[in-house]
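Everything on this sheet refers to the single structure shown next.
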Amino acid sequence: AAGGAGGAGGAEVVVFPPLPFLSDALDALAGTGIKVGAQNAGSNLKGAFTGETAPSMLASAGCSHVLLGHSERRSLFGETDSSINARLLACLAEATLTAVLCVGETLDEYEAGLMTSIVDTQLRKGLAGVSSTDLLAGRVVVAYEPVWAIGTGLVATPDQAQAAHVAVRHTLAAMYPDAPAVASAVRIQYGGSVSPDSVAALMAMPDVDGALVGGASLVADSFTKIVQGAGGGGGGAAPAAAAPPTPAK
């Protein structure tokens with residue numbers, strides 16, 4: 001798959017390999033238009049923090065994006081809205097980095113009718129201190145990932161995804177009343193067992209601007225079809241397909 005303007009299906013493509021393979025990915029994708037991002041970043045700009053990867057390191061390596069707040073980071077590693085916000089602000093301190101902020105509810109929260117409340121809280125806390133200028137400049141992408149649909153084979157219906165993305169835009173409008181363009185300008189991706197069969201209907205929704213792809217990105221043919229489907233996206237922002245591969249076993 002090729003990304004960027006004129007890429008496959010017209011979609012912008014970013015891949016998020018595990019940290020040890022960033023250099024290999026950057027070398028392999030040089031000149032293709034496909035961008036490379038990291039699956040996480042530290043929150044400290046400088047200092048002695050053994051084992052952490054500072055955003056400046058990722059930027060100097062050639063990364064363009066950083067994935068933040070993925071549900072696995074929240075559930076397995078105890079990352080909180082506050083710690084994710086600190087990482088996001090650190091990434092925005094690097095002029096060449098774009099942050100992809102993941103939000104979404106668990107199955108219990110969804111069944112309790114808490115989707116809007118959970119997403120609202122995660123956005124307000126995750127974007128605390130982020131200026132409308134950065135959002136209008138495209139420095140932050142929001143990825144809505146219903147946790148109940150990740151790796152389960154379950155996929156939110158297009159109408160469910162659209163409702164969640166509208167909820168995201170409503171929160172953005174409430175957070176930035178002095179910059180009403182923010183709500184429509186921020187790119188919102190859907191992530192949750194996206195497949196070649198589901199991508200076209202999802203991208204047809206007016207507020208779905210792209211896909212955050214997991215397991216399906218590990219099969220080249222499947223990912224290519226998803227990129228092509230994302231290229232026909234329905235949202236106002238340019239579509240994007242991002243692929244964070246799972247660690248090799």
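Labeling convention for the structure tokens: chains A, B, ... as they appear, residues from 1 per chain, ligands from 1 in order of appearance.
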Find the residues near His165 (chain A): any atom within 9 Å, counting only C-alpha atoms, skip ones fewer than 4 places away on the same chain, and give them as a ChimeraX atom specification. /A:144,160-161,169-170,188-190,207-208
Name the residues of region 24-207 of chain A that come out as alpha helix (DSSP H) in a backbone DSSP run; write them as a compact mmCIF listing (two decimals) with C-alpha atoms, in the first residue's frame.
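Written out: part.txt:
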# COMPACT_ATOMS: atom_id res chain seq x y z
CA ASP A 24 13.81 -1.16 9.71
CA ALA A 25 10.37 0.22 8.89
CA LEU A 26 11.73 3.70 8.24
CA ASP A 27 14.36 2.32 5.90
CA ALA A 28 11.93 0.03 4.08
CA LEU A 29 9.30 2.72 3.59
CA PRO A 55 9.37 12.07 21.93
CA SER A 56 12.52 13.88 20.79
CA MET A 57 14.19 10.52 20.19
CA LEU A 58 11.28 9.36 18.04
CA ALA A 59 11.28 12.60 16.08
CA SER A 60 15.02 12.44 15.46
CA ALA A 61 14.68 8.83 14.31
CA SER A 71 -6.76 0.49 25.36
CA GLU A 72 -4.06 -2.11 26.04
CA ARG A 73 -1.82 0.58 27.50
CA ARG A 74 -4.69 1.67 29.74
CA SER A 75 -5.85 -1.79 30.85
CA LEU A 76 -2.58 -3.74 31.01
CA PHE A 77 -0.06 -1.06 31.98
CA ASP A 81 -5.90 9.96 31.35
CA SER A 82 -3.45 12.15 33.26
CA SER A 83 -0.34 10.20 32.25
CA ILE A 84 -1.55 9.99 28.67
CA ASN A 85 -2.08 13.74 28.65
CA ALA A 86 1.50 14.25 29.86
CA ARG A 87 2.78 12.09 27.00
CA LEU A 88 0.62 13.93 24.50
CA LEU A 89 1.88 17.35 25.60
CA ALA A 90 5.46 16.08 25.42
CA CYS A 91 4.85 14.89 21.86
CA LEU A 92 3.37 18.24 20.85
CA LEU A 107 -18.23 -3.67 27.02
CA ASP A 108 -19.64 -3.10 30.51
CA GLU A 109 -19.52 0.65 30.00
CA TYR A 110 -21.16 0.34 26.59
CA GLU A 111 -23.96 -1.87 27.90
CA MET A 115 -20.16 5.55 25.89
CA THR A 116 -20.72 9.30 25.60
CA SER A 117 -19.67 9.94 29.20
CA ILE A 118 -16.51 7.83 28.97
CA VAL A 119 -15.40 9.34 25.68
CA ASP A 120 -16.15 12.85 26.96
CA THR A 121 -14.04 12.30 30.08
CA GLN A 122 -11.12 10.75 28.20
CA LEU A 123 -11.08 13.60 25.70
CA ARG A 124 -11.31 16.38 28.27
CA LYS A 125 -8.53 14.91 30.38
CA GLY A 126 -6.42 13.70 27.48
CA SER A 132 -6.99 25.06 19.48
CA THR A 133 -4.09 26.12 17.28
CA ASP A 134 -2.50 22.68 17.56
CA LEU A 135 -5.80 20.96 16.86
CA LEU A 136 -6.56 23.13 13.84
CA PRO A 158 -21.54 2.04 10.94
CA ASP A 159 -24.35 3.83 12.78
CA GLN A 160 -22.74 3.03 16.17
CA ALA A 161 -19.38 4.31 14.96
CA GLN A 162 -21.00 7.45 13.56
CA ALA A 163 -22.80 8.12 16.86
CA ALA A 164 -19.54 7.80 18.80
CA HIS A 165 -17.70 10.11 16.40
CA VAL A 166 -20.47 12.68 16.68
CA ALA A 167 -20.06 12.45 20.47
CA VAL A 168 -16.35 13.19 20.03
CA ARG A 169 -17.12 16.25 17.92
CA HIS A 170 -19.69 17.48 20.45
CA THR A 171 -17.09 17.28 23.22
CA LEU A 172 -14.53 19.10 21.09
CA ALA A 173 -17.09 21.83 20.37
CA ALA A 174 -17.77 22.20 24.09
CA MET A 175 -14.06 22.27 24.95
CA ALA A 181 -13.78 25.00 13.56
CA VAL A 182 -11.94 22.56 15.85
CA ALA A 183 -14.85 20.14 16.12
CA SER A 184 -15.02 19.59 12.37
CA ALA A 185 -11.30 19.91 11.67
CA VAL A 199 -14.21 -0.71 6.03
CA ALA A 200 -16.32 0.61 3.13
CA ALA A 201 -19.51 0.96 5.20
CA LEU A 202 -17.59 2.55 8.07
CA MET A 203 -15.85 5.05 5.81
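Our summary of the geometry notes that CA of Pro17 (chain A) is positioned 19.4 Å from CA of Val140 (chain A).
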Next item on the list: Using only C-alpha atoms, determine which residues lie at most 9 Å from region 62-67 of chain A, disregarding the query and same-chain residues fewer than 2 positions distant; provide the list as a PyMOL selection string.
Entry: chain A and resi 14+16+22-23+26+35-41+55+57-60+69-70+88+91+96-102+244
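If only C-alpha atoms are the atoms counted, then among A:Val15, A:Ala149, A:Leu68, A:Ala54 the closest residue to Gly42 (chain A) is A:Ala54.
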Taking only C-alpha atoms into account, name the residue in A:Thr224, A:Ala11, A:Gly113, A:Thr53 that is nearest to Asp209 (chain A).
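Under the stated criterion, the closest residue is A:Ala11.
If only C-alpha atoms are the atoms counted, then among A:Ala30, A:Val194, A:Ala220, A:Ala95 the closest residue to Ile150 (chain A) is A:Val194.
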Considering only C-alpha atoms, return as a PDB file with N, CA, C and O atoms, in the first residue's frame whatever protein or nucleic-acid residues lie within 8 Å of region 151-155 of chain A, sequence-local ones (same chain, fewer than 4 positions apart) excluded.
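Result file around08.pdb:
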ATOM      1  N   GLY A 192     -11.364  -0.962  15.710  1.00  0.00           N
ATOM      2  CA  GLY A 192     -12.044  -2.047  16.411  1.00  0.00           C
ATOM      3  C   GLY A 192     -12.370  -3.163  15.448  1.00  0.00           C
ATOM      4  O   GLY A 192     -13.465  -3.209  14.888  1.00  0.00           O
ATOM      5  N   SER A 193     -11.407  -4.078  15.220  1.00  0.00           N
ATOM      6  CA  SER A 193     -11.598  -5.210  14.307  1.00  0.00           C
ATOM      7  C   SER A 193     -12.022  -4.752  12.912  1.00  0.00           C
ATOM      8  O   SER A 193     -12.892  -5.344  12.279  1.00  0.00           O
ATOM      9  N   VAL A 194     -11.389  -3.677  12.429  1.00  0.00           N
ATOM     10  CA  VAL A 194     -11.654  -3.223  11.059  1.00  0.00           C
ATOM     11  C   VAL A 194     -11.141  -4.274  10.083  1.00  0.00           C
ATOM     12  O   VAL A 194     -10.044  -4.810  10.244  1.00  0.00           O
ATOM     13  N   SER A 198     -15.633  -4.676   6.367  1.00  0.00           N
ATOM     14  CA  SER A 198     -16.356  -3.652   7.121  1.00  0.00           C
ATOM     15  C   SER A 198     -15.936  -2.226   6.787  1.00  0.00           C
ATOM     16  O   SER A 198     -16.662  -1.274   7.093  1.00  0.00           O
ATOM     17  N   GLY A 214      -5.731  -3.071  13.423  1.00  0.00           N
ATOM     18  CA  GLY A 214      -4.887  -3.936  14.237  1.00  0.00           C
ATOM     19  C   GLY A 214      -4.493  -5.194  13.496  1.00  0.00           C
ATOM     20  O   GLY A 214      -3.659  -5.178  12.587  1.00  0.00           O
ATOM     21  N   GLY A 215      -5.120  -6.326  13.854  1.00  0.00           N
ATOM     22  CA  GLY A 215      -4.730  -7.628  13.321  1.00  0.00           C
ATOM     23  C   GLY A 215      -4.793  -7.723  11.809  1.00  0.00           C
ATOM     24  O   GLY A 215      -3.968  -8.402  11.187  1.00  0.00           O
TER      25      GLY A 215
END
* To do: Identify which of the residues A:Val147, A:Leu45, A:Leu127, A:Ala211 lies closest to Glu94 (chain A), counting only C-alpha atoms when measuring atom-to-atom distances.
  =>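 Nearest candidate to Glu94 (chain A) out of A:Val147, A:Leu45, A:Leu127, A:Ala211: A:Leu45.
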Any idea what the distance is between CA of Trp148 (chain A) and CA of Pro20 (chain A)?
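A separation of 28.7 Å between them.
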